[in-house]
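For reference, my_file19.cif is printed below; it contains mmCIF, C-alpha atoms.
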data_model
loop_
_atom_site.label_atom_id
_atom_site.label_comp_id
_atom_site.auth_asym_id
_atom_site.auth_seq_id
_atom_site.Cartn_x
_atom_site.Cartn_y
_atom_site.Cartn_z
CA MET K 1 61.70 -37.80 -29.73
CA SER K 2 62.60 -39.30 -26.43
CA LYS K 3 60.74 -42.28 -25.45
CA HIS K 4 59.20 -41.77 -22.04
CA ASN K 5 58.31 -44.88 -20.26
CA VAL K 6 55.30 -44.81 -18.02
CA SER K 7 55.00 -47.81 -15.83
CA ARG K 8 51.72 -49.36 -15.04
CA ARG K 9 52.07 -48.25 -11.41
CA GLN K 10 52.77 -44.65 -12.42
CA PHE K 11 49.91 -44.60 -14.89
CA LEU K 12 47.47 -45.81 -12.28
CA ASN K 13 48.81 -43.29 -9.77
CA TYR K 14 48.34 -40.39 -12.13
CA THR K 15 44.88 -41.44 -13.16
CA LEU K 16 43.67 -42.04 -9.62
CA THR K 17 45.09 -38.74 -8.35
CA GLY K 18 43.48 -36.90 -11.21
CA VAL K 19 40.06 -38.49 -10.86
CA GLY K 20 40.22 -38.29 -7.06
CA GLY K 21 41.13 -34.61 -7.29
CA PHE K 22 38.14 -33.87 -9.43
CA MET K 23 35.86 -35.72 -7.08
CA ALA K 24 37.24 -33.93 -4.04
CA ALA K 25 36.88 -30.59 -5.80
CA GLY K 26 33.35 -31.47 -6.78
CA MET K 27 32.49 -32.11 -3.17
CA LEU K 28 34.39 -29.20 -1.66
CA MET K 29 33.42 -26.43 -4.06
CA PRO K 30 29.76 -26.20 -3.02
CA MET K 31 30.81 -26.32 0.61
CA VAL K 32 33.25 -23.46 0.18
CA ARG K 33 30.68 -21.56 -1.85
CA PHE K 34 28.19 -22.12 0.92
CA ALA K 35 30.60 -20.95 3.61
CA ILE K 36 31.46 -17.67 1.92
CA ASP K 37 27.98 -17.12 0.50
CA PRO K 38 27.22 -13.89 2.40
CA VAL K 39 30.28 -12.32 0.78
CA LEU K 40 29.22 -13.32 -2.71
CA SER K 41 25.57 -12.30 -2.57
CA ALA K 42 24.76 -8.98 -4.14
CA ASP K 43 23.94 -6.19 -1.75
CA LYS K 44 20.27 -5.65 -2.52
CA GLY K 45 19.77 -2.69 -0.20
CA GLY K 46 22.26 -0.62 -2.12
CA ASP K 47 20.23 -0.52 -5.30
CA PHE K 48 19.32 2.89 -6.52
CA VAL K 49 15.81 3.50 -7.80
CA ALA K 50 15.15 5.90 -10.62
CA THR K 51 12.60 8.63 -9.96
CA LYS K 52 10.80 10.72 -12.52
CA GLN K 53 12.39 13.86 -11.15
CA LYS K 54 14.81 15.82 -13.35
CA VAL K 55 17.70 17.15 -11.31
CA SER K 56 17.65 20.45 -13.23
CA GLU K 57 14.08 21.09 -12.06
CA LEU K 58 14.94 20.87 -8.39
CA THR K 59 14.92 24.12 -6.46
CA THR K 60 15.69 25.19 -2.93
CA GLU K 61 12.03 24.57 -2.10
CA PRO K 62 11.34 20.97 -1.00
CA THR K 63 9.47 19.03 -3.68
CA ARG K 64 7.56 15.81 -3.26
CA VAL K 65 9.12 12.99 -5.26
CA ASP K 66 7.31 9.65 -5.50
CA PHE K 67 9.10 6.52 -6.56
CA SER K 68 8.11 2.88 -6.61
CA PHE K 69 9.96 -0.36 -6.21
CA LYS K 70 9.22 -4.01 -5.54
CA GLN K 71 8.99 -4.90 -1.91
CA VAL K 72 8.53 -8.20 -0.15
CA ASP K 73 6.12 -7.68 2.70
CA GLY K 74 5.70 -10.84 4.68
CA TRP K 75 4.43 -13.34 2.15
CA TYR K 76 3.60 -11.02 -0.66
CA GLU K 77 5.68 -9.14 -3.13
CA SER K 78 4.09 -5.85 -3.87
CA GLU K 79 4.90 -2.66 -5.61
CA GLU K 80 5.55 -0.14 -2.91
CA THR K 81 5.46 3.59 -3.46
CA ASN K 82 7.59 5.80 -1.33
CA THR K 83 7.96 9.51 -1.12
CA ALA K 84 10.92 11.75 -0.52
CA TRP K 85 11.13 15.49 0.02
CA VAL K 86 13.92 16.71 -2.21
CA PHE K 87 15.55 20.10 -2.55
CA LYS K 88 18.87 21.75 -3.29
CA LYS K 89 20.78 23.06 -0.34
CA ASP K 90 22.38 26.50 -0.50
CA ASP K 91 25.66 24.94 -1.62
CA GLY K 92 23.84 23.18 -4.48
CA GLU K 93 23.99 19.74 -2.92
CA ILE K 94 20.82 17.66 -3.14
CA LEU K 95 19.11 16.59 0.07
CA ALA K 96 16.40 13.92 -0.06
CA LEU K 97 14.52 13.50 3.21
CA SER K 98 12.32 10.60 4.20
CA PRO K 99 8.77 11.72 5.08
CA ILE K 100 8.48 9.23 7.91
CA CYS K 101 8.21 10.98 11.26
CA LYS K 102 10.79 9.70 13.73
CA HIS K 103 8.25 9.84 16.52
CA LEU K 104 5.76 7.11 15.60
CA GLY K 105 5.97 6.83 11.84
CA CYS K 106 3.32 9.14 10.43
CA THR K 107 3.96 10.94 7.18
CA VAL K 108 5.19 14.52 7.41
CA ALA K 109 4.58 17.19 4.80
CA TRP K 110 6.29 20.44 3.91
CA ASN K 111 4.81 23.74 4.94
CA THR K 112 1.36 22.49 5.94
CA ASP K 113 1.18 24.07 9.39
CA LYS K 114 0.12 27.68 8.97
CA SER K 115 1.47 28.85 12.30
CA HIS K 116 4.94 27.43 11.56
CA PRO K 117 5.71 28.07 7.89
CA ASN K 118 8.71 26.57 6.10
CA GLN K 119 8.95 23.54 8.28
CA PHE K 120 8.07 19.88 7.92
CA PHE K 121 4.95 19.14 9.91
CA CYS K 122 3.56 15.89 11.26
CA PRO K 123 -0.24 16.04 11.57
CA CYS K 124 -0.46 13.25 14.13
CA HIS K 125 1.17 14.80 17.16
CA TYR K 126 2.25 18.14 15.76
CA GLY K 127 5.93 17.25 15.45
CA ARG K 128 8.02 19.69 13.43
CA TYR K 129 11.32 19.62 11.58
CA THR K 130 13.35 22.41 10.04
CA LYS K 131 13.93 22.44 6.30
CA ASP K 132 17.08 20.34 6.55
CA GLY K 133 15.18 17.73 8.56
CA ILE K 134 16.33 18.57 12.09
CA ASN K 135 13.64 17.99 14.71
CA VAL K 136 12.41 21.11 16.45
CA LYS K 137 12.96 20.97 20.20
CA GLY K 138 9.80 20.85 22.26
CA THR K 139 7.88 18.79 19.69
CA PRO K 140 7.49 15.00 20.06
CA PRO K 141 10.19 13.73 17.64
CA VAL K 142 13.58 13.18 19.22
CA LYS K 143 15.58 12.46 16.08
CA PRO K 144 16.02 14.19 12.72
CA LEU K 145 14.37 12.79 9.59
CA ASP K 146 16.25 10.03 7.76
CA VAL K 147 18.05 10.87 4.54
CA TYR K 148 18.09 8.98 1.23
CA GLU K 149 21.35 8.40 -0.59
CA THR K 150 21.13 10.27 -3.87
CA LYS K 151 22.76 9.87 -7.25
CA GLN K 152 22.30 11.56 -10.60
CA LYS K 153 22.42 9.82 -13.93
CA ASP K 154 21.47 11.39 -17.26
CA GLY K 155 19.92 14.32 -15.46
CA ILE K 156 17.55 12.08 -13.50
CA LEU K 157 17.49 11.75 -9.73
CA TYR K 158 18.13 8.30 -8.27
CA LEU K 159 17.37 7.46 -4.65
CA GLY K 160 19.14 4.78 -2.67
CA ARG K 161 19.22 3.53 0.86
CA LEU K 162 17.86 5.38 3.87
CA LYS K 163 20.42 6.56 6.38
CA PRO K 164 20.16 8.35 9.68
CA HIS K 165 20.63 12.07 9.33
CA GLY K 166 24.24 13.16 9.32
CA GLU K 167 25.67 9.96 7.88
CA ALA K 168 24.62 10.34 4.26
CA MET N 1 -0.67 0.91 13.22
CA ARG N 2 -1.83 -2.29 11.71
CA TRP N 3 -3.32 -5.22 13.55
CA THR N 4 -0.16 -7.29 13.50
CA ALA N 5 1.80 -8.62 16.48
CA LYS N 6 4.76 -6.40 15.78
CA GLU N 7 2.83 -3.19 15.37
CA LEU N 8 0.61 -3.95 18.34
CA ASP N 9 3.77 -4.17 20.42
CA MET N 10 4.47 -0.67 19.26
CA TYR N 11 0.92 0.27 20.21
CA SER N 12 1.31 -1.04 23.74
CA LYS N 13 4.47 0.99 24.17
CA SER N 14 2.97 4.25 22.95
CA LYS N 15 -0.69 3.91 23.85
CA GLU N 16 -0.99 7.49 25.02
CA TYR N 17 -0.36 8.72 21.49
CA VAL N 18 -2.90 6.52 19.77
CA ASP N 19 -6.42 7.81 20.25
CA THR N 20 -8.06 6.93 16.95
CA ALA N 21 -9.34 3.69 15.44
CA LEU N 22 -10.32 3.03 11.86
CA ILE N 23 -12.68 0.16 11.05
CA PRO N 24 -13.41 -0.68 7.40
CA LEU N 25 -16.91 -2.07 6.85
CA ILE N 26 -16.93 -4.60 4.03
CA PRO N 27 -19.99 -6.59 2.90
CA PHE N 28 -20.29 -9.73 0.83
CA SER N 29 -23.10 -11.29 -1.13
CA PHE N 30 -23.65 -13.82 -3.88
CA GLY N 31 -25.66 -13.39 -7.04
CA GLY N 32 -25.97 -10.12 -8.90
CA GLU N 33 -24.10 -7.93 -6.44
CA MET N 34 -21.28 -10.34 -5.89
CA LYS N 35 -18.84 -8.58 -8.18
CA GLN N 36 -19.74 -5.21 -6.74
CA THR N 37 -18.85 -6.41 -3.24
CA GLY N 38 -15.54 -7.58 -4.68
CA SER N 39 -14.83 -4.07 -5.96
CA VAL N 40 -15.71 -2.62 -2.60
CA ASN N 41 -13.44 -5.08 -0.86
CA GLU N 42 -10.47 -4.15 -3.06
CA PHE N 43 -11.09 -0.44 -2.85
CA LEU N 44 -11.62 -0.20 0.89
CA SER N 45 -8.73 -2.53 1.71
CA ILE N 46 -6.26 -0.47 -0.28
CA LEU N 47 -7.68 2.79 0.96
CA SER N 48 -7.57 1.84 4.62
CA LEU N 49 -3.98 0.63 4.32
CA GLU N 50 -2.99 3.92 2.72
CA ILE N 51 -4.67 5.92 5.46
CA GLU N 52 -2.88 3.82 8.02
CA LYS N 53 0.43 4.45 6.29
CA GLN N 54 -0.03 8.20 6.47
CA MET N 55 -1.24 8.24 10.07
CA LYS N 56 0.60 5.27 11.49
CA GLY N 57 1.46 6.94 14.78
CA ARG N 58 -2.02 7.92 15.83
CA VAL N 59 -4.46 5.66 14.02
CA LEU N 60 -5.02 2.03 14.81
CA LEU N 61 -6.34 0.12 11.81
CA MET N 62 -8.71 -2.46 13.27
CA PRO N 63 -9.54 -5.80 11.68
CA THR N 64 -12.20 -5.33 9.01
CA PHE N 65 -15.84 -5.60 10.00
CA HIS N 66 -17.27 -8.09 7.52
CA TYR N 67 -20.98 -8.73 7.12
CA ALA N 68 -23.45 -10.36 4.78
CA SER N 69 -25.26 -7.72 2.70
CA ASN N 70 -28.66 -8.76 4.06
CA GLU N 71 -27.55 -9.15 7.65
CA ILE N 72 -30.16 -7.69 9.98
CA ASP N 73 -28.28 -7.16 13.20
CA LYS N 74 -25.12 -5.73 11.70
CA VAL N 75 -25.70 -2.31 13.27
CA GLU N 76 -26.00 -3.86 16.71
CA ARG N 77 -22.92 -5.91 16.09
CA LEU N 78 -20.90 -2.88 15.01
CA LYS N 79 -22.13 -0.90 18.00
CA HIS N 80 -20.75 -3.61 20.20
CA TRP N 81 -17.38 -3.36 18.44
CA ALA N 82 -17.36 0.38 18.95
CA ASP N 83 -18.14 -0.03 22.65
CA VAL N 84 -15.22 -2.39 23.11
CA VAL N 85 -12.88 0.01 21.37
CA LYS N 86 -14.11 2.97 23.37
CA GLU N 87 -13.60 1.19 26.66
CA ASN N 88 -9.94 1.07 25.77
CA ASP N 89 -9.15 4.77 25.73
CA ILE N 90 -9.69 5.32 22.04
CA ARG N 91 -11.66 8.51 21.70
CA HIS N 92 -12.13 8.71 17.95
CA ILE N 93 -13.61 5.88 15.97
CA PHE N 94 -14.02 6.15 12.22
CA PHE N 95 -15.91 3.71 10.05
CA LEU N 96 -15.01 3.51 6.39
CA THR N 97 -17.69 2.23 4.07
CA SER N 98 -19.08 2.29 0.54
CA ASP N 99 -22.41 0.82 1.55
CA TYR N 100 -25.25 3.33 1.74
CA GLU N 101 -27.12 1.15 4.22
CA TRP N 102 -24.87 2.47 6.96
CA LYS N 103 -25.73 6.03 6.17
CA LYS N 104 -29.31 5.24 7.17
CA ALA N 105 -28.10 3.95 10.51
CA GLU N 106 -25.70 6.84 11.11
CA GLY N 107 -27.85 8.24 13.90
CA LYS N 108 -27.52 5.04 15.87
CA LEU N 109 -23.75 5.01 15.61
CA GLU N 110 -22.36 8.00 17.45
CA ASN N 111 -19.08 7.78 15.68
CA ASN N 112 -17.76 9.16 12.46
CA LEU N 113 -19.03 7.37 9.43
CA ILE N 114 -17.01 8.06 6.31
CA TRP N 115 -19.04 7.03 3.31
CA LEU N 116 -17.58 7.21 -0.15
CA PRO N 117 -18.57 5.55 -3.40
CA ALA N 118 -16.34 2.63 -4.33
CA ILE N 119 -14.05 3.13 -7.28
CA PRO N 120 -13.76 -0.04 -9.37
CA MET N 121 -10.00 -0.48 -9.17
CA GLU N 122 -10.00 -3.26 -11.75
CA ASN N 123 -10.73 -0.76 -14.53
CA LEU N 124 -7.87 1.58 -13.71
CA GLU N 125 -4.26 1.63 -14.81
CA LYS N 126 -1.82 1.25 -11.98
CA GLU N 127 -0.68 4.87 -12.11
CA GLN N 128 -4.25 6.14 -12.31
CA ALA N 129 -5.36 3.99 -9.42
CA ARG N 130 -2.51 5.27 -7.31
CA ALA N 131 -3.33 8.90 -8.06
CA THR N 132 -7.02 8.38 -7.35
CA ILE N 133 -6.40 6.67 -4.04
CA GLY N 134 -3.88 9.36 -3.16
CA GLN N 135 -6.51 12.06 -3.68
CA GLN N 136 -9.07 10.22 -1.59
CA VAL N 137 -6.58 9.69 1.21
CA ILE N 138 -5.76 13.40 1.39
CA GLN N 139 -9.43 14.26 1.74
CA ILE N 140 -10.02 11.66 4.41
CA LEU N 141 -7.00 12.85 6.35
CA ASP N 142 -8.65 16.25 6.49
CA ILE N 143 -11.60 14.70 8.30
CA PHE N 144 -9.22 13.16 10.81
CA THR N 145 -7.24 16.31 11.48
CA TYR N 146 -10.44 18.34 11.72
CA ASN N 147 -11.71 16.04 14.44
CA TRP N 148 -8.45 16.12 16.32
CA GLU N 149 -8.16 19.86 16.25
CA ASN N 150 -11.68 20.42 17.43
CA GLU N 151 -11.06 18.14 20.33
CA LYS N 152 -7.94 20.06 21.29
CA LYS N 153 -9.88 23.28 21.79
#
Would you write out, as structure tokens, the structure that this file holds?
Amino acid sequence: MSKHNVSRRQFLNYTLTGVGGFMAAGMLMPMVRFAIDPVLSADKGGDFVATKQKVSELTTEPTRVDFSFKQVDGWYESEETNTAWVFKKDDGEILALSPICKHLGCTVAWNTDKSHPNQFFCPCHYGRYTKDGINVKGTPPVKPLDVYETKQKDGILYLGRLKPHGEA
Amino acid sequence: MRWTAKELDMYSKSKEYVDTALIPLIPFSFGGEMKQTGSVNEFLSILSLEIEKQMKGRVLLMPTFHYASNEIDKVERLKHWADVVKENDIRHIFFLTSDYEWKKAEGKLENNLIWLPAIPMENLEKEQARATIGQQVIQILDIFTYNWENEKK
């Protein structure tokens, strides 16, 4: 066992550096945390919401799927219910369209205009969209319907964020 | 569109597309009918917001017309509201109410009075309430579209 001599000066140096280090870290950590906070926070918009729709029951005919989630609207948190029109495309891929008309925000429905069957129809200003959500030229909307991100888990349909048509 | 600064901005930009106003008529009183007016308030508030949500682009949801149950000049007051709205290029005005008193005055108001019995929301499960309101909304939307289509012709 070698005898290691620590002088008083060394001992004080070590102790002060150690304690000082802790103090500096204690002050700096929250500041660093604060600076990179946006990176650390969870991405809330990316959350998927479970619907009650079984994926196996989806057909090529658009079906109305309601789903609810908590939403903060101004001061209040409320349970918001949204709707999506969901169907299987010819290649079997699922397409979930937002029912919000891109003209002024009314709610569109499938196949409700008798003179234009098999289209999405907006009752407010008679806007129309084809089955895959593309706006029909000559009607008020100038953009296609937005599309929900979709995911399947245990045979149940999950809906995620809304994206402009073509990106999802 | 709702009566909020943001949505009224939207209204100013697309005025030519908005030709319909919806005014909920909600009474209050104390005493025996107090709770009943509370039910009506809940029901009509939710219902009118749902209608607005479905028809955002064409219907302007006005601030609620509140009145005391025994108010005598409420019809006159509402007529004045309707006149103001009409002067501003809104052709269709709908009143939404659960109070039968208005039905008696329907002749004096040349606008569309939608009367429907209030559903006491406090007794319903959340899912049930949602389904019930959903049904009501669909039927009321029919009244709106019927009016619009008849005007078109």
Quick check: residues of chain K within 12 Å of chain N, all atoms listed in the file, returned as a ChimeraX atom specification. /K:66-68,74,79-83,99-109,112-113,122-127,140-141
Apply the PyMOL selection byres ((chain N and resi 40-50) around 10) to the file shown and report the selected residues as a count of residues only. 43
From CA of Leu97 in chain K to CA of Arg128 in chain K the spacing works out at 13.6 Å
Two-atom distance - CA of Trp75 in chain K, CA of Lys52 in chain K (Å):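 Rounded to one decimal, the two atoms are 28.9 Å apart.
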What gap, in Å, lies between CA of Ala68 in chain N and CA of Lys86 in chain N? 24.7 Å
Which is closest to Gln53 in chain K among K:Val65, K:Met23, K:Pro117, K:Glu93, if we use all atoms listed in the file?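 Once distances to Gln53 in chain K are computed over all atoms listed in the file, the minimum belongs to K:Val65.
Matched in the shown structure by the PyMOL selection byres ((chain K and resi 62) around 7): Thr60, Glu61, Thr63, Arg64, Trp85, Val86 and Phe87 of chain K.
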Selected residue, from N:Ile114, N:Leu60, N:Ala5, N:Ala105, that lies nearest to Val85 in chain N when counting all atoms listed in the file: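 Of all the options, N:Leu60 lies closest to Val85 in chain N.
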So, with all atoms listed in the file as the atoms that count, which of K:Lys70, K:Lys54, K:Lys137, K:Lys114 lies closest to Asp154 in chain K?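 Nearest to Asp154 in chain K: K:Lys54.
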Expand the PyMOL selection byres ((chain K and resi 164) around 9) into the individual residues it matches in the shown file, reporting them as a PDB file with C-alpha atoms, in the frame of the given file.
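The result, written out as selection31.pdb:
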ATOM      1  CA  LYS K 143      15.580  12.460  16.080  1.00  0.00           C
ATOM      2  CA  PRO K 144      16.020  14.190  12.720  1.00  0.00           C
ATOM      3  CA  LEU K 145      14.370  12.790   9.590  1.00  0.00           C
ATOM      4  CA  ASP K 146      16.250  10.030   7.760  1.00  0.00           C
ATOM      5  CA  VAL K 147      18.050  10.870   4.540  1.00  0.00           C
ATOM      6  CA  TYR K 148      18.090   8.980   1.230  1.00  0.00           C
ATOM      7  CA  LEU K 162      17.860   5.380   3.870  1.00  0.00           C
ATOM      8  CA  LYS K 163      20.420   6.560   6.380  1.00  0.00           C
ATOM      9  CA  HIS K 165      20.630  12.070   9.330  1.00  0.00           C
ATOM     10  CA  GLY K 166      24.240  13.160   9.320  1.00  0.00           C
ATOM     11  CA  GLU K 167      25.670   9.960   7.880  1.00  0.00           C
ATOM     12  CA  ALA K 168      24.620  10.340   4.260  1.00  0.00           C
TER      13      ALA K 168
END
Nearby residues (all atoms listed in the file) at most 7 Å from Leu159 in chain K, same-chain spacing under 3 positions excluded, as number ranges by chain: K: 48-50, 148-151
